[in-house]
file upload_25.cif (mmCIF, C-alpha atoms)
data_model
loop_
_atom_site.group_PDB
_atom_site.id
_atom_site.type_symbol
_atom_site.label_atom_id
_atom_site.label_comp_id
_atom_site.auth_asym_id
_atom_site.auth_seq_id
_atom_site.Cartn_x
_atom_site.Cartn_y
_atom_site.Cartn_z
ATOM 1 C CA MET Q 1 -127.316 -57.660 70.291
ATOM 2 C CA ASN Q 2 -126.593 -55.971 66.971
ATOM 3 C CA SER Q 3 -124.765 -52.679 67.592
ATOM 4 C CA GLN Q 4 -124.484 -50.044 64.885
ATOM 5 C CA THR Q 5 -123.059 -46.514 64.841
ATOM 6 C CA THR Q 6 -123.819 -43.962 62.119
ATOM 7 C CA LEU Q 7 -122.008 -40.625 61.781
ATOM 8 C CA THR Q 8 -123.334 -37.907 59.498
ATOM 9 C CA TYR Q 9 -122.579 -34.235 58.835
ATOM 10 C CA SER Q 10 -126.040 -33.299 57.613
ATOM 11 C CA LEU Q 11 -129.658 -34.229 58.271
ATOM 12 C CA THR Q 12 -132.064 -35.181 55.503
ATOM 13 C CA THR Q 13 -135.670 -36.308 55.711
ATOM 14 C CA SER Q 14 -135.658 -40.083 56.086
ATOM 15 C CA THR Q 15 -137.310 -43.069 57.756
ATOM 16 C CA ILE Q 16 -135.179 -45.522 59.719
ATOM 17 C CA ASN Q 17 -136.532 -48.856 60.930
ATOM 18 C CA ILE Q 18 -134.900 -50.323 64.028
ATOM 19 C CA PRO Q 19 -135.386 -54.113 64.261
ATOM 20 C CA ALA Q 20 -135.379 -56.316 67.343
ATOM 21 C CA ASP Q 21 -132.197 -56.687 69.399
ATOM 22 C CA THR Q 22 -130.554 -53.669 67.807
ATOM 23 C CA ASN Q 23 -128.593 -50.892 69.461
ATOM 24 C CA LEU Q 24 -128.342 -47.964 67.029
ATOM 25 C CA THR Q 25 -126.254 -44.883 67.788
ATOM 26 C CA TYR Q 26 -127.029 -42.102 65.315
ATOM 27 C CA VAL Q 27 -124.624 -39.171 65.547
ATOM 28 C CA ALA Q 28 -124.771 -35.876 63.646
ATOM 29 C CA PHE Q 29 -122.083 -33.187 63.725
ATOM 30 C CA LEU Q 30 -123.637 -30.115 62.156
ATOM 31 C CA LYS Q 31 -121.936 -26.907 61.009
ATOM 32 C CA LYS Q 32 -123.587 -26.286 57.640
ATOM 33 C CA GLY Q 33 -127.251 -25.382 57.941
ATOM 34 C CA TRP Q 34 -130.222 -25.733 55.581
ATOM 35 C CA ARG Q 35 -133.538 -24.024 54.877
ATOM 36 C CA GLU Q 36 -136.334 -26.605 54.832
ATOM 37 C CA THR Q 37 -137.263 -28.607 57.923
ATOM 38 C CA GLN Q 38 -135.763 -32.082 57.756
ATOM 39 C CA LYS Q 39 -137.751 -34.882 59.409
ATOM 40 C CA LEU Q 40 -136.108 -38.038 60.724
ATOM 41 C CA GLN Q 41 -138.562 -40.769 61.627
ATOM 42 C CA PHE Q 42 -137.428 -43.739 63.693
ATOM 43 C CA ASN Q 43 -139.736 -46.756 63.722
ATOM 44 C CA PHE Q 44 -139.129 -49.473 66.301
ATOM 45 C CA THR Q 45 -140.119 -52.746 64.644
ATOM 46 C CA GLY Q 46 -138.892 -55.257 67.228
ATOM 47 C CA GLU Q 47 -138.414 -55.699 70.962
ATOM 48 C CA ASN Q 48 -135.216 -55.015 72.898
ATOM 49 C CA SER Q 49 -134.080 -52.227 70.575
ATOM 50 C CA THR Q 50 -132.418 -48.962 71.558
ATOM 51 C CA LEU Q 51 -131.711 -45.703 69.755
ATOM 52 C CA ASN Q 52 -129.168 -43.141 70.937
ATOM 53 C CA PHE Q 53 -129.570 -40.017 68.811
ATOM 54 C CA ILE Q 54 -126.830 -37.433 69.365
ATOM 55 C CA ALA Q 55 -126.689 -34.126 67.508
ATOM 56 C CA LEU Q 56 -123.870 -31.621 68.017
ATOM 57 C CA ILE Q 57 -124.549 -28.239 66.420
ATOM 58 C CA LEU Q 58 -122.044 -25.435 65.936
ATOM 59 C CA GLY Q 59 -123.939 -22.478 64.520
ATOM 60 C CA LEU Q 60 -121.934 -19.718 62.850
ATOM 61 C CA GLY Q 61 -122.940 -16.743 60.731
ATOM 62 C CA GLU Q 62 -126.567 -16.964 59.649
ATOM 63 C CA GLU Q 63 -126.763 -20.742 59.429
ATOM 64 C CA THR Q 64 -130.137 -22.247 60.370
ATOM 65 C CA PHE Q 65 -130.842 -25.798 61.513
ATOM 66 C CA PRO Q 66 -134.557 -26.676 61.312
ATOM 67 C CA PHE Q 67 -135.238 -30.362 62.006
ATOM 68 C CA GLU Q 68 -137.609 -32.787 63.660
ATOM 69 C CA THR Q 69 -137.173 -36.248 65.121
ATOM 70 C CA ILE Q 70 -140.153 -38.584 65.335
ATOM 71 C CA SER Q 71 -139.933 -41.660 67.540
ATOM 72 C CA ASN Q 72 -142.644 -44.246 66.828
ATOM 73 C CA HIS Q 73 -143.082 -47.003 69.399
ATOM 74 C CA GLU Q 74 -145.665 -49.746 68.824
ATOM 75 C CA ILE Q 75 -143.613 -52.645 70.206
ATOM 76 C CA PRO Q 76 -142.858 -53.221 73.919
ATOM 77 C CA HIS Q 77 -139.343 -53.065 75.380
ATOM 78 C CA THR Q 78 -137.937 -50.283 73.182
ATOM 79 C CA ASN Q 79 -135.765 -47.337 74.191
ATOM 80 C CA ALA Q 80 -134.970 -43.993 72.570
ATOM 81 C CA TYR Q 81 -132.720 -41.247 73.883
ATOM 82 C CA TYR Q 82 -132.387 -37.975 71.971
ATOM 83 C CA ASN Q 83 -129.572 -35.648 73.020
ATOM 84 C CA ILE Q 84 -129.074 -32.377 71.137
ATOM 85 C CA ARG Q 85 -126.364 -29.880 72.043
ATOM 86 C CA GLY Q 86 -125.921 -26.568 70.264
ATOM 87 C CA VAL Q 87 -123.419 -23.729 70.476
ATOM 88 C CA MET Q 88 -124.858 -20.715 68.703
ATOM 89 C CA PHE Q 89 -122.807 -17.769 67.473
ATOM 90 C CA ASP Q 90 -123.661 -14.678 65.431
ATOM 91 C CA LYS Q 91 -127.186 -14.923 63.927
ATOM 92 C CA SER Q 92 -127.411 -18.695 63.761
ATOM 93 C CA GLN Q 93 -130.677 -20.429 64.645
ATOM 94 C CA VAL Q 94 -131.911 -23.879 65.645
ATOM 95 C CA TYR Q 95 -135.513 -25.033 65.314
ATOM 96 C CA TYR Q 96 -136.009 -28.473 66.844
ATOM 97 C CA ARG Q 97 -139.165 -30.474 67.394
ATOM 98 C CA GLY Q 98 -138.932 -33.833 69.111
ATOM 99 C CA SER Q 99 -141.931 -36.169 69.003
ATOM 100 C CA LEU Q 100 -142.304 -39.289 71.130
ATOM 101 C CA ASN Q 101 -145.253 -41.425 70.038
ATOM 102 C CA ILE Q 102 -145.853 -44.388 72.331
ATOM 103 C CA LYS Q 103 -148.801 -46.610 71.455
ATOM 104 C CA LYS Q 104 -150.773 -48.627 73.987
ATOM 105 C CA SER Q 105 -149.053 -51.812 72.798
ATOM 106 C CA ALA Q 106 -145.601 -50.363 73.539
ATOM 107 C CA GLN Q 107 -145.417 -51.118 77.253
ATOM 108 C CA LEU Q 108 -142.059 -50.883 79.051
ATOM 109 C CA THR Q 109 -140.796 -48.201 76.690
ATOM 110 C CA ASP Q 110 -138.148 -45.761 77.909
ATOM 111 C CA CYS Q 111 -137.781 -42.439 76.033
ATOM 112 C CA TYR Q 112 -136.142 -39.117 76.697
ATOM 113 C CA LEU Q 113 -135.533 -35.846 74.845
ATOM 114 C CA ALA Q 114 -132.841 -33.362 75.879
ATOM 115 C CA HIS Q 115 -131.865 -30.134 74.115
ATOM 116 C CA HIS Q 116 -129.083 -28.045 75.669
ATOM 117 C CA THR Q 117 -127.793 -24.818 74.146
ATOM 118 C CA LEU Q 118 -124.975 -22.376 74.779
ATOM 119 C CA MET Q 119 -125.761 -18.916 73.412
ATOM 120 C CA LEU Q 120 -122.675 -16.959 72.339
ATOM 121 C CA SER Q 121 -124.578 -14.081 70.764
ATOM 122 C CA LYS Q 122 -127.686 -12.088 71.639
ATOM 123 C CA ASN Q 123 -128.684 -12.351 67.981
ATOM 124 C CA ALA Q 124 -128.662 -16.160 67.909
ATOM 125 C CA LYS Q 125 -131.881 -18.087 68.505
ATOM 126 C CA THR Q 126 -132.912 -21.539 69.601
ATOM 127 C CA HIS Q 127 -136.410 -23.045 69.592
ATOM 128 C CA THR Q 128 -137.383 -26.377 71.145
ATOM 129 C CA ILE Q 129 -140.802 -28.014 70.913
ATOM 130 C CA PRO Q 130 -141.176 -31.372 72.699
ATOM 131 C CA SER Q 131 -144.245 -33.415 71.783
ATOM 132 C CA LEU Q 132 -145.204 -36.503 73.794
ATOM 133 C CA GLU Q 133 -148.157 -38.689 72.829
ATOM 134 C CA ILE Q 134 -148.338 -41.558 75.304
ATOM 135 C CA GLU Q 135 -151.074 -44.194 75.297
ATOM 136 C CA ALA Q 136 -149.268 -46.889 77.286
ATOM 137 C CA ASP Q 137 -149.287 -46.745 81.087
ATOM 138 C CA ASP Q 138 -146.097 -48.633 81.956
ATOM 139 C CA VAL Q 139 -143.479 -46.392 80.363
ATOM 140 C CA LYS Q 140 -140.827 -43.826 81.186
ATOM 141 C CA ALA Q 141 -140.859 -40.656 79.113
ATOM 142 C CA GLY Q 142 -139.572 -37.155 79.679
ATOM 143 C CA HIS Q 143 -137.840 -34.139 78.230
ATOM 144 C CA ALA Q 144 -135.509 -31.328 79.248
ATOM 145 C CA ALA Q 145 -134.203 -28.150 77.665
ATOM 146 C CA THR Q 146 -131.660 -25.606 78.891
ATOM 147 C CA ILE Q 147 -130.302 -22.372 77.437
ATOM 148 C CA GLY Q 148 -127.223 -20.810 78.966
ATOM 149 C CA LYS Q 149 -124.128 -18.701 78.447
ATOM 150 C CA VAL Q 150 -120.456 -19.276 79.049
ATOM 151 C CA ASP Q 151 -119.830 -18.759 82.776
ATOM 152 C CA GLU Q 152 -117.904 -15.501 83.239
ATOM 153 C CA ASP Q 153 -116.728 -16.578 86.690
ATOM 154 C CA ILE Q 154 -115.044 -19.629 85.227
ATOM 155 C CA LEU Q 155 -113.459 -17.491 82.490
ATOM 156 C CA PHE Q 156 -112.147 -15.164 85.194
ATOM 157 C CA TYR Q 157 -110.723 -18.121 87.100
ATOM 158 C CA LEU Q 158 -109.038 -19.450 83.953
ATOM 159 C CA ALA Q 159 -107.631 -15.993 83.248
ATOM 160 C CA SER Q 160 -106.059 -16.031 86.724
ATOM 161 C CA ARG Q 161 -104.288 -19.196 85.616
ATOM 162 C CA GLY Q 162 -102.870 -17.561 82.504
ATOM 163 C CA ILE Q 163 -105.535 -18.678 80.021
ATOM 164 C CA ASN Q 164 -106.940 -15.812 77.941
ATOM 165 C CA LYS Q 165 -110.661 -15.327 77.397
ATOM 166 C CA LYS Q 166 -110.742 -16.789 73.880
ATOM 167 C CA GLN Q 167 -108.836 -19.904 74.930
ATOM 168 C CA GLY Q 168 -110.990 -20.287 78.033
ATOM 169 C CA GLN Q 169 -114.193 -19.942 76.045
ATOM 170 C CA SER Q 170 -113.028 -22.587 73.568
ATOM 171 C CA MET Q 171 -112.180 -24.937 76.442
ATOM 172 C CA LEU Q 172 -115.650 -24.543 77.961
ATOM 173 C CA ILE Q 173 -117.402 -24.997 74.621
ATOM 174 C CA LYS Q 174 -115.317 -28.070 73.893
ATOM 175 C CA GLY Q 175 -116.252 -29.591 77.249
ATOM 176 C CA PHE Q 176 -119.910 -28.799 76.657
ATOM 177 C CA LEU Q 177 -119.990 -30.445 73.208
ATOM 178 C CA GLU Q 178 -118.003 -33.472 74.312
ATOM 179 C CA THR Q 179 -120.367 -34.309 77.181
ATOM 180 C CA ASP Q 180 -122.331 -36.898 75.199
ATOM 181 C CA LEU Q 181 -119.355 -38.530 73.463
ATOM 182 C CA LYS Q 182 -119.119 -41.099 76.242
ATOM 183 C CA LYS Q 183 -122.522 -42.398 75.125
ATOM 184 C CA ILE Q 184 -120.957 -43.528 71.831
ATOM 185 C CA SER Q 185 -119.667 -47.082 72.058
ATOM 186 C CA ASP Q 186 -117.393 -46.844 68.993
ATOM 187 C CA PRO Q 187 -114.057 -45.340 70.146
ATOM 188 C CA ASN Q 188 -113.098 -44.406 66.588
ATOM 189 C CA ILE Q 189 -116.224 -42.279 66.208
ATOM 190 C CA GLN Q 190 -115.456 -40.658 69.554
ATOM 191 C CA LEU Q 191 -111.975 -39.702 68.310
ATOM 192 C CA ILE Q 192 -113.297 -38.385 64.993
ATOM 193 C CA LEU Q 193 -115.846 -36.194 66.747
ATOM 194 C CA ALA Q 194 -113.313 -34.902 69.271
ATOM 195 C CA LYS Q 195 -111.093 -33.904 66.340
ATOM 196 C CA ASN Q 196 -114.033 -32.309 64.508
ATOM 197 C CA ILE Q 197 -114.867 -30.221 67.584
ATOM 198 C CA GLU Q 198 -111.239 -29.200 68.066
ATOM 199 C CA GLU Q 199 -110.901 -28.099 64.432
ATOM 200 C CA ALA Q 200 -114.266 -26.293 64.415
ATOM 201 C CA LEU Q 201 -113.340 -24.188 67.437
ATOM 202 C CA GLN Q 202 -110.176 -23.006 65.729
ATOM 203 C CA CYS Q 203 -112.115 -21.410 62.857
#
call {"tool": "encode", "arguments": {"input": "upload_25.cif", "output": "structure tokens"}}
result
Amino acid sequence: MNSQTTLTYSLTTSTINIPADTNLTYVAFLKKGWRETQKLQFNFTGENSTLNFIALILGLGEETFPFETISNHEIPHTNAYYNIRGVMFDKSQVYYRGSLNIKKSAQLTDCYLAHHTLMLSKNAKTHTIPSLEIEADDVKAGHAATIGKVDEDILFYLASRGINKKQGQSMLIKGFLETDLKKISDPNIQLILAKNIEEALQC
């Protein structure tokens, strides 16, 4: 099995072909937004291939993050897991569309889309549009999306332990963003992202 890990700090329209017997982990840590929708298309060109797409978004100011992922499956025995986590402050916005296209020939495909967001401002916005086009009958495919706020009860509990509200909020955000790091097989990338999150929450 050929394992690859890619780390990026921006998303640009591109097409990525994933050959047979490949395990690709594609990680994006996003703080700087953009205007035009960026489309990332992943084509599975061989059997026994897996994509783990992980996007961590920290939206500040009026930054916007419009993007789309397109997962094209025409080959059997392929897997794709899209995990997006956003923490939105101020007037920041995320527009995400996730498309899973599974052709009739792509039996035994396993796909999933998940978009989870913490809203830290009433002026921030998040939009999620899942799109599933499934022609095969022996597949697993699904999606999930959640929008929540920092739990005030937990902040109160932390305050009772001597941790002020700002510190407590940073701790909860850090835990939220780090949830998917365990899905990254490269320990060096895990450490880099943990450091990126730590530094971002100090701004």
call {"tool": "resolve_selection", "arguments": {"input": "upload_25.cif", "expression": "the PyMOL selection byres ((chain Q and resi 88-97) around 6)", "output": "count of residues only"}}
result
23
call {"tool": "residues_near_point", "arguments": {"input": "upload_25.cif", "point": "(-137.1, -47.4, 76.4)", "cutoff": "9 Å", "atoms": "all atoms listed in the file", "output": "list in words"}}
result
Asn48, Ser49, Thr50, Leu51, Pro76, His77, Thr78, Asn79, Ala80, Tyr81, Leu108, Thr109, Asp110, Cys111, Tyr112, Val139, Lys140 and Ala141 of chain Q
call {"tool": "atom_distance", "arguments": {"input": "upload_25.cif", "atom1": "CA of Ile84 in chain Q", "atom2": "CA of His115 in chain Q"}}
result
4.7 Å
call {"tool": "closest_residue", "arguments": {"input": "upload_25.cif", "among": "Q:Leu132, Q:Ala20, Q:Leu30, Q:Ile54", "to": "Asn72 in chain Q", "atoms": "only C-alpha atoms"}}
result
Q:Leu132
call {"tool": "closest_residue", "arguments": {"input": "upload_25.cif", "among": "Q:Ile57, Q:Ala28, Q:Leu100, Q:Ala136", "to": "Phe176 in chain Q", "atoms": "only C-alpha atoms"}}
result
Q:Ile57
call {"tool": "resolve_selection", "arguments": {"input": "upload_25.cif", "expression": "the PyMOL selection byres ((chain Q and resi 201) around 10)", "output": "list in words"}}
result
Leu58, Gln167, Gln169, Ser170, Met171, Ile173, Lys174, Asn196, Ile197, Glu198, Glu199, Ala200, Gln202 and Cys203 of chain Q
call {"tool": "residues_around", "arguments": {"input": "upload_25.cif", "residues": "Ala55 in chain Q", "least_positions_apart": "6", "cutoff": "10 Å", "atoms": "all atoms listed in the file", "output": "PDB file with C-alpha atoms, in the frame of the given file"}}
result
ATOM      1  CA  LEU Q   7    -122.008 -40.625  61.781  1.00  0.00           C
ATOM      2  CA  THR Q   8    -123.334 -37.907  59.498  1.00  0.00           C
ATOM      3  CA  TYR Q   9    -122.579 -34.235  58.835  1.00  0.00           C
ATOM      4  CA  SER Q  10    -126.040 -33.299  57.613  1.00  0.00           C
ATOM      5  CA  LEU Q  11    -129.658 -34.229  58.271  1.00  0.00           C
ATOM      6  CA  TYR Q  26    -127.029 -42.102  65.315  1.00  0.00           C
ATOM      7  CA  VAL Q  27    -124.624 -39.171  65.547  1.00  0.00           C
ATOM      8  CA  ALA Q  28    -124.771 -35.876  63.646  1.00  0.00           C
ATOM      9  CA  PHE Q  29    -122.083 -33.187  63.725  1.00  0.00           C
ATOM     10  CA  LEU Q  30    -123.637 -30.115  62.156  1.00  0.00           C
ATOM     11  CA  TYR Q  82    -132.387 -37.975  71.971  1.00  0.00           C
ATOM     12  CA  ASN Q  83    -129.572 -35.648  73.020  1.00  0.00           C
ATOM     13  CA  ILE Q  84    -129.074 -32.377  71.137  1.00  0.00           C
ATOM     14  CA  ARG Q  85    -126.364 -29.880  72.043  1.00  0.00           C
ATOM     15  CA  GLY Q  86    -125.921 -26.568  70.264  1.00  0.00           C
ATOM     16  CA  HIS Q 115    -131.865 -30.134  74.115  1.00  0.00           C
ATOM     17  CA  LEU Q 177    -119.990 -30.445  73.208  1.00  0.00           C
ATOM     18  CA  ASP Q 180    -122.331 -36.898  75.199  1.00  0.00           C
TER      19      ASP Q 180
END
call {"tool": "residues_around", "arguments": {"input": "upload_25.cif", "residues": "Ile102 in chain Q", "least_positions_apart": "3", "cutoff": "7 Å", "atoms": "all atoms listed in the file", "output": "number ranges by chain"}}
result
Q: 72-74, 106, 133-136
call {"tool": "resolve_selection", "arguments": {"input": "upload_25.cif", "expression": "the PyMOL selection byres ((chain Q and resi 71) around 7)", "output": "number ranges by chain"}}
result
Q: 41-43, 69-70, 72-73, 99-101
call {"tool": "atom_distance", "arguments": {"input": "upload_25.cif", "atom1": "CA of Gly33 in chain Q", "atom2": "CA of Ser14 in chain Q"}}
result
17.0 Å
call {"tool": "residues_around", "arguments": {"input": "upload_25.cif", "residues": "Thr146 in chain Q", "least_positions_apart": "2", "cutoff": "8 Å", "atoms": "all atoms listed in the file", "output": "PyMOL selection string"}}
result
chain Q and resi 115-117+144+148
call {"tool": "write_last_selection", "arguments": {"input": "upload_25.cif", "atoms": "C-alpha atoms", "output": "PDB file, in the frame of the given file"}}
result
ATOM      1  CA  HIS Q 115    -131.865 -30.134  74.115  1.00  0.00           C
ATOM      2  CA  HIS Q 116    -129.083 -28.045  75.669  1.00  0.00           C
ATOM      3  CA  THR Q 117    -127.793 -24.818  74.146  1.00  0.00           C
ATOM      4  CA  ALA Q 144    -135.509 -31.328  79.248  1.00  0.00           C
ATOM      5  CA  GLY Q 148    -127.223 -20.810  78.966  1.00  0.00           C
TER       6      GLY Q 148
END
call {"tool": "atom_distance", "arguments": {"input": "upload_25.cif", "atom1": "CA of Leu40 in chain Q", "atom2": "CA of Lys195 in chain Q"}}
result
26.0 Å
